[in-house]
Structures are given as C-alpha cells and as structure tokens.
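J.: To start, I am sharing the structure in question, which I have written as structure tokens.
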Amino acid sequence: MKDTVSEMIKVLKEKGHEITADWTTRASERNYGGGNAEQSEKFSQEELEAILRADIFIHLSDLGGKGKYVDLGIALAGNKIRGIPREIYVVGKTANESQYYFNQAIITIATERPVTALEMIVGGL
C-alpha cells in the first residue's frame, strides 16, 4: 500500500498539486503500543487537520491499512459539516466493504490500478 500511495503522491506533486498529508514518510515511526502516546497524538492531530484542509480526499478501498476508515469518516464529516473536502473518492477494484462507500458524497472509481484514477480525479493532470 505504501508504494502505491507514494507513487500517487509523486505523480500529483509533479503536476503541481499540494499534498496536505503524507503518512508514508513516517509510517515506520508509528508505534501505537510502544510508549509513543505523545507522538501518536501529534500525528493524529496533524492528519485530522490535513484531511479537513484538503480539497480532494482519496480513499484506496483494496489496500490494507488500519486507519483508512477513520480518515474516510473524518472526510465525510468534514464534507457534511463544512463542505471540505469538496470531493471524496473511493478508488479500487472493490468498493463495498463499508456502508460509507455508499454515502451520497462518495464518488467511486473502479480500477485495479489506483494511479490511473488520478486522471479522472484531477483532470488531464
């Protein structure tokens, strides 16, 4: 999953887009049970704020991850309450793992290669 996300971030940055959150740069630092409460709290605040600043939120449905459903919930709540992020995408081969994938705010893109969905999301890149 980290490699796919890193590739997507690289493509977006090359095309001049700003990334509000990049967990891939500190994935190895995450140690929730290892006495890292302060760092985990800091990361949670930074990522919460980053999601609520984003114009577009992309959720990868087929790849693993512990916090991705929390992140999706934050994006949906932000959209409902503040209208930000304005667009919320669920990208992947399967998009039926959660009741929230069927929320009216969600735009689903069925694909086995998430990087290819970027053209549909941000136009001609």
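Residue numbering restarts at 1 for every chain of the structure tokens, chains are lettered A, B, ... in their displayed order, and ligands are numbered from 1 as they appear.
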Could you give me the residues within region 25-108 of chain A that DSSP places in helix (DSSP H, G or I), as a PyMOL selection string?
T.: chain A and resi 25-29+37-53+68-82+99-102
J.: If you count only C-alpha atoms, which residues fall within 12 Å of Glu18 (chain A), apart from same-chain ones fewer than 4 positions away, as a PyMOL selection string?
T.: chain A and resi 9-14+22+50+53-56
J.: Write out, as a tab-separated table (two decimals), in the first residue's frame, the residues just selected, with C-alpha atoms.
T.:
```tsv
chain	number	residue	atom	x	y	z
A	9	ILE	CA	1.80	11.40	-4.33
A	10	LYS	CA	4.77	11.66	-6.69
A	11	VAL	CA	2.51	12.00	-9.75
A	12	LEU	CA	0.35	14.64	-8.07
A	13	LYS	CA	3.34	16.68	-6.90
A	14	GLU	CA	4.96	16.52	-10.35
A	22	ASP	CA	1.64	12.08	3.61
A	50	ALA	CA	-4.77	17.87	6.89
A	53	ARG	CA	-7.88	21.22	4.66
A	54	ALA	CA	-7.93	19.03	1.58
A	55	ASP	CA	-9.97	19.90	-1.49
A	56	ILE	CA	-9.95	16.26	-2.57
```
J.: Write out as a CSV table (one decimal) with C-alpha atoms, in the first residue's frame each polymer residue whose atoms come within 9 Å of region 78-85 of chain A, counting only C-alpha atoms; drop sequence neighbours fewer than 2 positions from it.
T.:
```
chain,number,residue,atom,x,y,z
A,51,ILE,CA,-7.9,15.9,5.9
A,52,LEU,CA,-10.1,18.9,6.8
A,53,ARG,CA,-7.9,21.2,4.7
A,54,ALA,CA,-7.9,19.0,1.6
A,55,ASP,CA,-10.0,19.9,-1.5
A,56,ILE,CA,-9.9,16.3,-2.6
A,57,PHE,CA,-9.8,13.1,-0.4
A,73,GLY,CA,-15.1,9.2,8.4
A,74,ILE,CA,-13.2,12.4,9.0
A,75,ALA,CA,-13.5,13.4,5.4
A,76,LEU,CA,-17.2,12.6,5.3
A,87,GLU,CA,-14.7,15.7,-3.4
A,88,ILE,CA,-14.3,12.3,-1.7
A,105,ALA,CA,-20.9,12.3,-1.0
```
J.: Give me, as JSON, numbers by chain, the residues of region 12-77 of chain A that a backbone DSSP run labels strand (DSSP E).
T.: {"A": [56, 57, 58, 59, 60]}
J.: Would you mind reading off the distance between CA of Thr111 (chain A) and CA of Ser61 (chain A), one decimal, in Å?
T.: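 Calculated distance between CA of Thr111 (chain A) and CA of Ser61 (chain A) is 10.1 Å.
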J.: Write out as a ChimeraX atom specification the residues lying within 8 Å of Ile106 (chain A), counting only C-alpha atoms and excluding same-chain residues fewer than 3 positions away.
T.: /A:87-90,101-103
J.: What does the file look like for those residues with C-alpha atoms, as a PDB file, in the first residue's frame?
T.:
```pdb
ATOM      1  CA  GLU A  87     -14.732  15.744  -3.352  1.00  0.00           C
ATOM      2  CA  ILE A  88     -14.320  12.334  -1.723  1.00  0.00           C
ATOM      3  CA  TYR A  89     -13.235   9.392  -3.850  1.00  0.00           C
ATOM      4  CA  VAL A  90     -13.177   5.678  -3.135  1.00  0.00           C
ATOM      5  CA  TYR A 101     -18.813   3.692   0.470  1.00  0.00           C
ATOM      6  CA  PHE A 102     -22.466   4.163  -0.494  1.00  0.00           C
ATOM      7  CA  ASN A 103     -22.773   7.645   1.015  1.00  0.00           C
TER       8      ASN A 103
END
```
J.: Between CA of Thr108 (chain A) and CA of Arg26 (chain A), what is the spacing in Å?
T.: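 Straight-line distance from CA of Arg26 (chain A) to CA of Thr108 (chain A) works out to 27.9 Å.
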J.: For the atom pair CA of Ser40 (chain A) and CA of Glu7 (chain A), what is the interatomic distance in Å to one decimal place?
T.: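 Interatomic distance, CA of Ser40 (chain A) to CA of Glu7 (chain A): 24.9 Å.
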J.: So, with only C-alpha atoms as the atoms that count, which of A:Leu48, A:Met1, A:Ala37, A:Leu60 lies closest to Pro114 (chain A)?
T.: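 Using only C-alpha atoms, Pro114 (chain A) sits closest to A:Leu60.
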